[in-house]
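Listing of protein-v7.cif; format and content: mmCIF, C-alpha atoms and all ligand atoms.
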```
data_my_file
loop_
_atom_site.label_atom_id
_atom_site.label_comp_id
_atom_site.auth_asym_id
_atom_site.auth_seq_id
_atom_site.Cartn_x
_atom_site.Cartn_y
_atom_site.Cartn_z
CA MET V 1 18.64 -11.70 -13.91
CA SER V 2 20.80 -14.69 -14.64
CA LEU V 3 19.27 -18.08 -15.08
CA ILE V 4 21.29 -19.46 -12.24
CA LEU V 5 19.97 -16.84 -9.88
CA ALA V 6 16.49 -17.13 -11.26
CA SER V 7 16.32 -20.81 -10.58
CA ARG V 8 17.79 -20.67 -7.11
CA HIS V 9 15.80 -22.77 -4.83
CA MET V 10 15.18 -20.11 -2.25
CA LEU V 11 14.52 -16.45 -1.88
CA ASP V 12 18.03 -15.38 -1.09
CA PHE V 13 16.96 -12.66 1.26
CA VAL V 14 19.64 -13.08 3.86
CA LEU V 15 21.79 -10.18 2.95
CA VAL V 16 24.19 -8.55 5.26
CA ARG V 17 24.53 -10.83 8.17
CA PRO V 18 22.75 -14.15 7.99
CA PRO V 19 20.59 -15.13 10.94
CA ARG V 20 22.50 -17.26 13.40
CA SER V 21 20.28 -20.22 12.87
CA LYS V 22 17.80 -21.22 10.24
CA MET V 23 15.11 -19.68 12.34
CA ALA V 24 14.74 -15.92 12.51
CA GLU V 25 16.70 -14.37 15.29
CA GLU V 26 14.67 -14.36 18.41
CA PHE V 27 13.78 -11.03 19.79
CA VAL V 28 16.21 -10.41 22.64
CA ASP V 29 14.24 -9.43 25.67
CA ARG V 30 17.09 -7.57 27.34
CA ASN V 31 15.20 -6.03 30.19
CA GLY V 32 12.56 -8.65 30.74
CA ARG V 33 9.85 -6.36 29.45
CA GLY V 34 8.37 -8.68 26.95
CA ASP V 35 7.83 -9.08 23.26
CA PRO V 36 7.68 -6.34 20.61
CA ALA V 37 3.91 -6.00 20.95
CA SER V 38 4.18 -5.24 24.70
CA LEU V 39 7.04 -2.83 24.04
CA LEU V 40 4.96 -1.03 21.41
CA HIS V 41 2.18 -0.81 23.95
CA SER V 42 4.53 0.75 26.53
CA VAL V 43 5.72 3.27 23.98
CA GLY V 44 2.16 4.14 22.88
CA ALA V 45 0.62 4.30 26.34
CA HIS V 46 3.47 5.72 28.43
CA GLY V 47 6.06 7.15 26.02
CA ASP V 48 8.48 4.59 27.42
CA ARG V 49 11.90 5.51 25.99
CA SER V 50 13.70 2.42 27.08
CA ALA V 51 11.01 0.24 25.48
CA PHE V 52 11.60 2.29 22.34
CA SER V 53 15.34 1.64 22.60
CA ASP V 54 14.71 -2.12 22.73
CA LEU V 55 12.49 -1.88 19.65
CA PHE V 56 15.08 0.25 17.89
CA GLU V 57 17.85 -2.24 18.52
CA HIS V 58 15.78 -5.09 17.16
CA PHE V 59 14.06 -3.45 14.20
CA ALA V 60 16.29 -0.62 12.93
CA PRO V 61 19.04 -3.00 11.66
CA ARG V 62 16.37 -5.13 9.98
CA ILE V 63 14.77 -2.16 8.30
CA LYS V 64 18.20 -1.06 7.11
CA ALA V 65 18.87 -4.55 5.69
CA TYR V 66 15.45 -4.57 4.01
CA CYS V 67 16.18 -1.20 2.36
CA LEU V 68 19.61 -2.33 1.18
CA LYS V 69 18.02 -5.45 -0.23
CA ARG V 70 15.59 -3.29 -2.17
CA GLY V 71 18.35 -1.18 -3.63
CA SER V 72 18.79 1.78 -1.28
CA SER V 73 22.29 3.14 -0.75
CA LEU V 74 23.95 2.65 2.64
CA SER V 75 23.28 6.19 3.76
CA ALA V 76 19.69 6.20 2.46
CA ALA V 77 19.01 2.86 4.17
CA GLU V 78 20.33 4.25 7.46
CA GLU V 79 18.19 7.34 7.14
CA ILE V 80 15.06 5.39 6.25
CA ALA V 81 15.59 3.11 9.27
CA GLN V 82 15.81 6.23 11.46
CA GLU V 83 12.72 7.82 9.91
CA ALA V 84 10.72 4.63 10.20
CA MET V 85 11.61 4.20 13.87
CA ILE V 86 10.64 7.81 14.63
CA LYS V 87 7.28 7.03 13.00
CA VAL V 88 7.01 3.94 15.17
CA TRP V 89 7.44 6.19 18.23
CA ARG V 90 4.84 8.71 17.07
CA ARG V 91 2.27 6.17 15.98
CA ALA V 92 2.73 3.54 18.65
CA ALA V 93 -0.59 4.49 20.26
CA GLN V 94 -2.32 3.46 17.03
CA PHE V 95 -0.85 -0.02 17.18
CA ASP V 96 -3.60 -2.54 17.80
CA PRO V 97 -2.31 -6.01 18.62
CA ALA V 98 -5.69 -7.46 17.67
CA ARG V 99 -5.23 -6.17 14.14
CA ALA V 100 -1.63 -6.98 13.28
CA SER V 101 1.53 -8.39 14.74
CA ALA V 102 4.25 -5.92 15.71
CA SER V 103 6.51 -6.91 12.82
CA THR V 104 3.66 -6.66 10.29
CA TRP V 105 2.82 -3.18 11.60
CA ILE V 106 6.44 -2.04 11.56
CA PHE V 107 6.97 -3.58 8.10
CA ALA V 108 4.14 -1.40 6.75
CA ILE V 109 5.72 1.73 8.28
CA ALA V 110 9.18 0.82 6.93
CA ARG V 111 7.79 0.04 3.48
CA ASN V 112 6.07 3.43 3.33
CA ALA V 113 9.12 5.29 4.64
CA ARG V 114 11.24 3.66 1.96
CA ILE V 115 8.81 4.65 -0.78
CA ASP V 116 8.67 8.24 0.49
CA ALA V 117 12.46 8.50 0.40
CA PHE V 118 13.23 6.39 -2.62
CA ARG V 119 10.63 7.48 -5.09
CA ARG V 120 10.11 10.97 -3.77
CA GLU V 121 6.47 10.15 -4.00
CA LYS V 122 3.99 10.49 -1.26
CA ARG V 123 2.80 7.13 -0.14
CA PRO V 124 -0.97 7.29 0.32
CA GLU V 125 -1.51 5.82 3.76
CA VAL V 126 -4.58 4.39 5.41
CA LEU V 127 -4.91 5.37 9.06
CA PRO V 128 -7.32 3.84 11.57
CA GLU V 129 -9.33 7.07 11.73
CA ASP V 130 -10.01 6.74 7.99
CA PHE V 131 -12.14 3.63 8.32
CA ASP V 132 -15.76 4.10 7.31
CA ALA V 133 -17.94 4.40 10.38
CA GLU V 134 -20.63 2.09 9.01
CA ASP V 135 -17.98 -0.47 8.24
CA PRO V 136 -18.43 -3.31 10.73
CA SER V 137 -15.21 -3.18 12.66
CA SER V 138 -14.21 -6.65 11.63
CA ASP V 139 -10.51 -5.90 11.54
CA THR V 140 -9.85 -8.24 14.39
CA PHE V 141 -8.49 -11.42 12.98
CA GLY V 142 -5.89 -13.69 14.36
CA HIS V 143 -2.36 -12.86 13.38
CA LEU V 144 0.99 -14.46 13.48
CA ALA V 145 3.46 -14.64 16.26
CA ASP V 146 6.40 -12.54 15.12
CA ALA V 147 9.65 -14.40 15.38
CA GLU V 148 8.24 -17.89 14.90
CA ALA V 149 6.44 -16.79 11.78
CA GLY V 150 9.64 -15.28 10.40
CA GLY V 151 11.60 -18.44 11.01
CA LYS V 152 8.88 -20.66 9.69
CA LEU V 153 8.73 -18.57 6.57
CA VAL V 154 12.45 -18.93 5.88
CA ALA V 155 12.07 -22.67 6.01
CA GLU V 156 8.90 -22.67 3.97
CA ILE V 157 10.22 -20.46 1.20
CA SER V 158 13.03 -22.90 0.54
CA THR V 159 10.38 -25.51 -0.23
CA LEU V 160 8.50 -23.34 -2.72
CA PRO V 161 8.84 -24.35 -6.36
CA PRO V 162 11.59 -22.10 -7.85
CA ASP V 163 9.21 -20.33 -10.21
CA GLN V 164 7.00 -19.31 -7.27
CA ALA V 165 9.91 -18.26 -5.06
CA GLU V 166 11.24 -16.10 -7.85
CA VAL V 167 8.08 -14.06 -8.34
CA VAL V 168 7.60 -13.51 -4.59
CA ARG V 169 11.19 -12.31 -4.30
CA LYS V 170 10.71 -9.91 -7.19
CA ALA V 171 7.50 -8.57 -5.66
CA PHE V 172 8.92 -8.02 -2.18
CA PHE V 173 12.58 -7.21 -2.86
CA GLU V 174 12.92 -5.89 -6.38
CA ASP V 175 10.28 -3.21 -6.40
CA LYS V 176 8.42 -4.85 -9.25
CA THR V 177 4.72 -4.97 -9.93
CA HIS V 178 2.99 -8.01 -11.43
CA GLN V 179 3.11 -6.31 -14.80
CA GLU V 180 6.84 -5.57 -14.58
CA ILE V 181 7.59 -9.11 -13.46
CA ALA V 182 5.60 -10.47 -16.41
CA GLN V 183 7.52 -8.25 -18.82
CA GLU V 184 10.89 -9.16 -17.37
CA LEU V 185 10.28 -12.89 -17.34
CA LYS V 186 8.40 -12.76 -20.66
CA LEU V 187 5.45 -14.52 -19.09
CA PRO V 188 1.74 -13.86 -19.54
CA LEU V 189 0.42 -11.62 -16.75
CA GLY V 190 -2.03 -14.36 -15.78
CA THR V 191 0.83 -16.77 -15.12
CA VAL V 192 2.57 -14.31 -12.80
CA LYS V 193 -0.71 -13.64 -11.00
CA SER V 194 -1.35 -17.30 -10.38
CA ARG V 195 2.24 -18.01 -9.29
CA ILE V 196 2.15 -15.23 -6.71
CA ARG V 197 -1.29 -16.27 -5.55
CA LEU V 198 -0.17 -19.89 -5.13
CA ALA V 199 3.01 -18.89 -3.33
CA LEU V 200 1.32 -16.48 -0.94
CA GLY V 201 -1.45 -18.96 -0.25
CA ARG V 202 1.08 -21.60 0.58
CA LEU V 203 3.24 -19.34 2.78
CA ARG V 204 0.18 -18.01 4.48
CA LYS V 205 -1.06 -21.50 5.21
CA SER V 206 2.23 -22.63 6.67
CA MET V 207 2.44 -19.49 8.78
CA SER V 208 -1.07 -19.83 10.13
CA GLU V 209 -0.24 -23.29 11.37
CA PHE V 210 2.09 -21.43 13.67
CA GLN V 211 -0.67 -19.34 15.15
CA PRO V 212 -1.09 -19.77 18.87
CA MET Y 1 -21.67 -2.08 1.46
CA ILE Y 2 -18.78 -2.54 -0.95
CA ARG Y 3 -19.51 -4.76 -3.96
CA HIS Y 4 -16.61 -4.07 -6.30
CA HIS Y 5 -13.19 -4.65 -4.80
CA ILE Y 6 -9.54 -4.20 -5.72
CA ALA Y 7 -8.05 -7.13 -7.68
CA HIS Y 8 -5.75 -9.37 -5.61
CA ASP Y 9 -2.68 -8.72 -7.75
CA LEU Y 10 -3.06 -4.98 -7.20
CA LEU Y 11 -3.34 -5.54 -3.43
CA VAL Y 12 -0.10 -7.55 -3.54
CA ASP Y 13 1.66 -4.77 -5.49
CA TYR Y 14 0.37 -2.24 -2.95
CA ALA Y 15 1.26 -4.28 0.14
CA SER Y 16 4.72 -5.24 -1.09
CA GLY Y 17 5.45 -1.58 -1.84
CA SER Y 18 5.87 -1.84 -5.62
CA LEU Y 19 2.77 0.03 -6.75
CA PRO Y 20 3.30 3.63 -7.95
CA GLU Y 21 1.62 6.53 -6.21
CA ALA Y 22 -1.36 7.07 -8.52
CA PRO Y 23 -2.86 3.57 -8.39
CA SER Y 24 -1.82 3.37 -4.71
CA LEU Y 25 -4.11 6.31 -4.11
CA VAL Y 26 -7.04 4.30 -5.52
CA VAL Y 27 -6.11 1.29 -3.38
CA ALA Y 28 -5.64 3.33 -0.18
CA THR Y 29 -8.93 5.17 -0.73
CA HIS Y 30 -10.74 1.88 -1.25
CA LEU Y 31 -9.10 0.40 1.86
CA ALA Y 32 -10.49 3.26 3.94
CA CYS Y 33 -13.95 2.05 2.88
CA CYS Y 34 -13.46 -1.71 2.82
CA ALA Y 35 -12.67 -3.95 5.81
CA SER Y 36 -12.44 -7.03 3.62
CA CYS Y 37 -9.65 -5.68 1.39
CA ARG Y 38 -7.92 -4.27 4.50
CA GLU Y 39 -7.80 -7.79 5.85
CA ASP Y 40 -6.39 -9.12 2.56
CA VAL Y 41 -3.68 -6.46 2.64
CA ARG Y 42 -2.86 -7.28 6.24
CA ARG Y 43 -2.42 -10.94 5.29
CA ILE Y 44 0.05 -9.97 2.58
CA GLU Y 45 1.80 -7.60 5.00
CA ASP Y 46 2.18 -10.55 7.38
CA ILE Y 47 4.49 -12.03 4.77
CA GLY Y 48 6.34 -8.71 4.67
CA GLY Y 49 6.57 -8.69 8.47
CA ALA Y 50 7.96 -12.21 8.47
CA LEU Y 51 10.46 -11.28 5.75
CA LEU Y 52 11.52 -8.29 7.86
CA GLU Y 53 12.20 -10.64 10.79
CA SER Y 54 14.30 -12.89 8.59
CA VAL Y 55 16.01 -10.45 6.23
CA GLY Y 56 19.15 -10.29 8.35
CA THR Y 57 20.56 -7.19 10.00
CA ALA Y 58 22.71 -4.29 8.89
CA SER Y 59 24.30 -2.35 11.73
CA LEU Y 60 23.53 1.32 12.06
CA GLY Y 61 26.06 3.97 12.95
CA PRO Y 62 27.19 4.02 16.60
CA ASP Y 63 25.17 7.17 17.35
CA ALA Y 64 22.00 6.08 15.58
CA LEU Y 65 20.00 5.26 18.70
CA ALA Y 66 21.14 8.40 20.52
CA ALA Y 67 20.20 10.51 17.50
CA ALA Y 68 16.76 8.89 17.36
CA LEU Y 69 16.19 9.40 21.10
CA ASP Y 70 17.15 13.03 20.66
CA ARG Y 71 14.44 13.49 18.09
CA LEU Y 72 11.64 11.88 20.06
CA ASP Y 73 10.60 14.98 21.96
CA LYS Y 74 11.03 17.41 19.12
CA HIS Y 75 7.79 18.55 17.65
CA GLU Y 76 7.91 17.52 14.02
CA PRO Y 77 4.35 17.47 12.75
CA GLU Y 78 3.90 14.72 10.18
CA THR Y 79 1.45 16.63 8.07
CA THR Y 80 -0.06 20.04 8.22
CA GLU Y 81 -3.46 19.91 9.82
CA LEU Y 82 -6.28 19.43 7.40
CA ARG Y 83 -9.47 21.44 7.85
CA LEU Y 84 -12.11 20.57 5.30
CA ASP Y 85 -15.71 21.64 4.97
CA GLU Y 86 -18.47 19.15 5.63
CA GLU Y 87 -19.13 18.17 2.01
CA SER Y 88 -15.43 17.52 1.31
CA ARG Y 89 -15.10 15.46 4.48
CA LYS Y 90 -18.09 13.37 3.45
CA VAL Y 91 -16.97 12.81 -0.14
CA LEU Y 92 -13.21 12.36 0.34
CA PRO Y 93 -12.02 9.38 2.43
CA GLY Y 94 -8.92 10.12 4.55
CA PRO Y 95 -6.15 8.96 2.18
CA LEU Y 96 -7.65 10.93 -0.71
CA ALA Y 97 -8.42 13.97 1.47
CA ARG Y 98 -4.76 14.16 2.54
CA HIS Y 99 -3.68 13.92 -1.11
CA VAL Y 100 -6.14 16.51 -2.42
CA HIS Y 101 -5.50 18.69 0.63
CA ARG Y 102 -8.21 21.22 -0.09
CA ASN Y 103 -11.97 21.57 -0.28
CA LEU Y 104 -13.76 20.25 -3.34
CA GLY Y 105 -14.93 23.78 -4.07
CA ASP Y 106 -11.36 25.11 -4.07
CA LEU Y 107 -10.15 22.72 -6.78
CA ARG Y 108 -9.72 23.97 -10.32
CA TRP Y 109 -12.69 22.40 -12.05
CA ARG Y 110 -12.64 22.42 -15.80
CA ARG Y 111 -15.81 21.92 -17.79
CA LEU Y 112 -15.49 19.09 -20.30
CA GLY Y 113 -19.08 19.11 -21.52
CA PRO Y 114 -22.55 20.19 -20.46
CA CYS Y 115 -22.70 17.56 -17.70
CA ILE Y 116 -19.06 16.84 -16.85
CA GLU Y 117 -16.34 18.67 -14.95
CA GLU Y 118 -12.83 17.52 -14.20
CA ALA Y 119 -10.22 18.56 -11.62
CA VAL Y 120 -6.75 17.21 -12.33
CA LEU Y 121 -4.83 16.23 -9.18
CA ALA Y 122 -1.11 16.48 -8.61
CA SER Y 123 0.78 13.37 -9.57
CA ALA Y 124 4.44 12.53 -9.04
CA SER Y 125 4.60 10.44 -12.19
CA PRO Y 126 3.88 11.69 -15.71
CA ILE Y 127 2.83 8.17 -16.70
CA PHE Y 128 -0.41 8.57 -14.82
CA LYS Y 129 -3.24 10.97 -14.92
CA THR Y 130 -5.15 11.40 -11.67
CA ALA Y 131 -8.36 13.41 -11.63
CA LEU Y 132 -11.68 13.90 -9.90
CA LEU Y 133 -14.64 13.77 -12.24
CA ARG Y 134 -18.00 15.35 -11.44
CA VAL Y 135 -20.90 14.10 -13.56
CA ALA Y 136 -24.52 15.30 -13.41
CA ALA Y 137 -27.15 12.78 -12.25
CA GLY Y 138 -28.17 10.48 -15.08
CA ALA Y 139 -25.53 11.79 -17.50
CA ALA Y 140 -23.31 9.55 -19.58
CA MET Y 141 -19.65 9.40 -18.61
CA PRO Y 142 -16.72 9.40 -21.01
CA ALA Y 143 -16.89 6.17 -22.98
CA HIS Y 144 -13.59 5.02 -24.31
CA THR Y 145 -11.17 2.24 -24.90
CA HIS Y 146 -7.50 2.79 -24.37
CA GLY Y 147 -4.17 1.06 -24.26
CA GLY Y 148 -3.80 0.67 -20.53
CA HIS Y 149 -5.64 0.59 -17.25
CA GLU Y 150 -8.23 2.87 -15.84
CA TYR Y 151 -9.44 2.80 -12.28
CA THR Y 152 -12.60 4.63 -11.33
CA LEU Y 153 -13.54 4.83 -7.66
CA VAL Y 154 -16.97 6.19 -6.79
CA LEU Y 155 -16.97 8.84 -4.06
CA LYS Y 156 -20.50 10.22 -4.31
CA GLY Y 157 -23.64 9.09 -6.17
CA GLY Y 158 -23.29 6.04 -8.37
CA ILE Y 159 -22.34 4.65 -11.76
CA ARG Y 160 -24.11 2.00 -13.81
CA ASP Y 161 -22.18 0.11 -16.42
CA GLY Y 162 -23.06 -3.08 -18.23
CA GLY Y 163 -25.62 -4.22 -15.64
CA ALA Y 164 -23.38 -3.51 -12.64
CA GLU Y 165 -23.87 -0.65 -10.19
CA TYR Y 166 -21.00 1.08 -8.39
CA ARG Y 167 -21.46 3.08 -5.18
CA HIS Y 168 -19.30 4.82 -2.57
CA GLY Y 169 -15.95 3.03 -2.34
CA ASP Y 170 -16.62 0.66 -5.26
CA VAL Y 171 -13.87 0.40 -7.86
CA MET Y 172 -14.44 -0.08 -11.57
CA SER Y 173 -11.28 -1.36 -13.21
CA LEU Y 174 -11.12 -1.22 -16.99
CA ASP Y 175 -8.46 -2.53 -19.27
CA ASP Y 176 -8.06 -2.34 -23.01
CA THR Y 177 -10.24 -5.36 -23.65
CA HIS Y 178 -13.41 -3.51 -22.74
CA GLU Y 179 -15.48 -0.79 -24.19
CA HIS Y 180 -17.69 0.69 -21.54
CA LYS Y 181 -20.66 3.01 -21.49
CA PRO Y 182 -20.86 4.11 -17.88
CA VAL Y 183 -23.76 6.33 -16.83
CA ALA Y 184 -24.21 8.24 -13.57
CA THR Y 185 -27.21 7.03 -11.58
CA GLU Y 186 -30.31 9.22 -11.46
CA ASP Y 187 -30.41 9.94 -7.72
CA GLU Y 188 -27.66 12.56 -7.44
CA GLU Y 189 -24.55 13.90 -9.11
CA CYS Y 190 -21.62 11.52 -9.22
CA ILE Y 191 -18.10 12.37 -8.08
CA CYS Y 192 -15.37 9.83 -8.71
CA LEU Y 193 -11.61 9.44 -8.62
CA VAL Y 194 -10.14 8.40 -11.96
CA VAL Y 195 -6.61 7.15 -12.53
CA LEU Y 196 -5.43 6.44 -16.08
CA ASP Y 197 -2.12 4.90 -16.98
CA ALA Y 198 -2.18 5.29 -20.74
CA PRO Y 199 -3.58 7.80 -23.21
CA VAL Y 200 -7.30 7.48 -23.71
CA ARG Y 201 -8.72 6.65 -27.09
CA LEU Y 202 -12.18 8.08 -26.98
CA THR Y 203 -15.01 6.59 -28.93
CA GLY Y 204 -18.49 7.84 -29.79
CA ARG Y 205 -19.96 11.26 -29.50
CA PHE Y 206 -17.81 12.28 -26.56
CA ALA Y 207 -14.63 11.87 -28.52
CA ARG Y 208 -14.33 15.44 -29.67
CA LEU Y 209 -15.88 16.92 -26.58
CA LEU Y 210 -13.56 15.17 -24.17
CA ASN Y 211 -10.33 15.56 -26.00
CA PRO Y 212 -8.91 17.56 -23.07
CA PHE Y 213 -9.44 14.49 -20.89
CA ILE Y 214 -6.53 12.84 -22.61
CA LYS Y 215 -3.52 13.17 -20.40
CA HIS Y 216 -1.04 15.75 -21.44
ZN ZN V 301 -12.62 -4.20 -1.03
#
```

Hey, can you dump this file as structure tokens for me?
Amino acid sequence: MSLILASRHMLDFVLVRPPRSKMAEEFVDRNGRGDPASLLHSVGAHGDRSAFSDLFEHFAPRIKAYCLKRGSSLSAAEEIAQEAMIKVWRRAAQFDPARASASTWIFAIARNARIDAFRREKRPEVLPEDFDAEDPSSDTFGHLADAEAGGKLVAEISTLPPDQAEVVRKAFFEDKTHQEIAQELKLPLGTVKSRIRLALGRLRKSMSEFQP
Amino acid sequence: MIRHHIAHDLLVDYASGSLPEAPSLVVATHLACCASCREDVRRIEDIGGALLESVGTASLGPDALAAALDRLDKHEPETTELRLDEESRKVLPGPLARHVHRNLGDLRWRRLGPCIEEAVLASASPIFKTALLRVAAGAAMPAHTHGGHEYTLVLKGGIRDGGAEYRHGDVMSLDDTHEHKPVATEDEECICLVVLDAPVRLTGRFARLLNPFIKH
């Protein structure tokens, strides 16, 4: 990691084709059937193939870009995007809009699909049916509106102090744990922990101001 | 009621997708038992979701959508169906049950001492040792210090260590700065999931007895 890159004042996550504007690209509602959450609902409840196609066209190229960013080859990234979208189809009925936004839910599926392919490890997953019965079902918190949150985040990340932006980028795009980041940057583990905590707290706060 | 949670940095590593399989198994198993950590993970995943929206796009091949649509109706079971007996279902939360993929009684338990048995679980990485430990009620557990991390997640019974008590779903996280003397609680046998990421240096009277517990 060169010093110039390390001190860049933003996350540098726009990879293949930069978004048209500073904001994340809006979801294109081609057929007037609504946002990703409604489409996921149509897929889960009715096996709606054209809703799935809309989701595919929005998310598959993003998942591919995310995989490329994290070091997958072109062909692996394409395959992972396919696998992840097939999982989206199969699991759509489990999607609960009260629990997560559509892009958060699809991110988790894409992340796991990438790990399965990339590391040849099984990613231990937590499914809704795993939750302890006695556990008060308190998993119903507000969440973020998809596209706005994405755009807001782009803007917000560019205002993070460079040292914080750097550790977040390493965590989300370079496959590095806290410990590995600390070793690479020759920083005490505690410093990395607090930088990530500060950065996430700050991003989180700015995103929640976007909540409806 | 969960009292001992997963450290925030580990949740970030898990949610961002950087954490290796063995410690991820501890995190996922805890998440099945803990709504509060699930919510923390979801908050971190929100950042991931937002990054996914803003990462840019990379076009797929021209037939990608058609190929995906073709696959939708094909029956491709994600996992083979898991049929476990009642005890195993009770002791093993979903993520761990799918990893172990057999009844507790069908695992290869190896006796490490009069009160302790161990069943080593498959692990993709040789850096980690993943095992289930079965300890008789009231018996002392392996006491050791070592050069890395150890995560112990209680599945059945309980563990007392240095004034703290750990029950179903609780995670005891030890690093090399501690020397612990955990003891199983008196009420029933204790079964726990243990993940080690460095060779154990055993201390005390268990040292010789538990030599096999050192990862190979
Ligand atoms: Zn917890």

Closest of Y:Val27, Y:Leu69, Y:Ala58, Y:Val12 to ligand ZN 301 (chain V) - atom-to-atom distances counting only C-alpha atoms and all ligand atoms: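 Smallest distance to ligand ZN 301 (chain V) is found for Y:Val27.
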
Ligand ZN 301 (chain V) neighbours within 12 Å using all atoms listed in the file, as a PyMOL selection string: (chain V and resi 135) or (chain Y and resi 1-8+10-11+26-41+153+168-172)

Near-Lys176 of chain V list (9 Å; only C-alpha atoms; drop same-chain fewer than 3 positions) as a ChimeraX atom specification: /V:170-173,179-181 /Y:13,16-19

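For the set V:Ala108, V:Ala84, V:Leu160, V:Leu187, the residue with the smallest atom-to-atom gap to chain Y is V:Ala108, counting all atoms listed in the file.
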
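Selection around (-1.5, 6.7, 25.3) with radius 12 Å, counting all atoms listed in the file, yields the residues Leu40, His41, Ser42, Val43, Gly44, Ala45, His46, Gly47, Asp48, Trp89, Arg90, Arg91, Ala92, Ala93, Gln94 and Phe95 of chain V.
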
Atom pair atom CA of Arg114 of chain V / atom CA of Ala81 of chain V: separation (Å): 8.5 Å

Among listed residues V:Val126, V:Ala51, V:Ile80, V:Ile109, nearest chain Y (using all atoms listed in the file):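 Ranking V:Val126, V:Ala51, V:Ile80, V:Ile109 by distance to chain Y, first place goes to V:Val126.
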
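Taking atom CA of Glu156 of chain V and atom CA of Ser206 of chain V as the two end points, the separation is 7.2 Å.
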
Counting all atoms listed in the file, the option among V:Ala37, V:Leu185, V:Ala77, V:Ala65 closest to chain Y: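 Among the listed residues, V:Ala65 lies closest to chain Y.
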
All residues 7 Å or closer to Arg160 of chain Y, only C-alpha atoms, same chain fewer than 5 positions away omitted, as a PyMOL selection string: chain Y and resi 165-166+182-185

Local residues around (2.3, -15.9, -7.0), at most 10 Å away, using all atoms listed in the file, as number ranges by chain: V: 163-169, 171, 178, 190-202; Y: 9, 12

All residues 12 Å or closer to Glu87 of chain Y, all atoms listed in the file, same chain fewer than 2 positions away omitted, as a ChimeraX atom specification: /Y:83-85,89-93,97,102-105,155-156,191

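The space separating atom CA of Ala110 of chain V from atom CA of Gly94 of chain Y comes to 20.5 Å.
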
Minimum-distance residue to Val195 of chain Y, chosen among Y:Ala139, Y:Leu82, Y:Gly56, Y:Glu21 (using only C-alpha atoms): Y:Glu21

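Across Y:Ala22, Y:Arg42, Y:Gly49, Y:Gly148, the tightest approach to chain V is made by Y:Gly49 when counting only C-alpha atoms.
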
Determine the axis-aligned bounding box of all atoms of segment 131-135 of chain Y present in the file, pad each side by 6 Å, and express its centre and edge lengths in Å to one decimal place as lines of an AutoDock Vina configuration file.
```
center_x = -14.6
center_y = 14.4
center_z = -11.7
size_x = 24.5
size_y = 13.9
size_z = 15.7
```
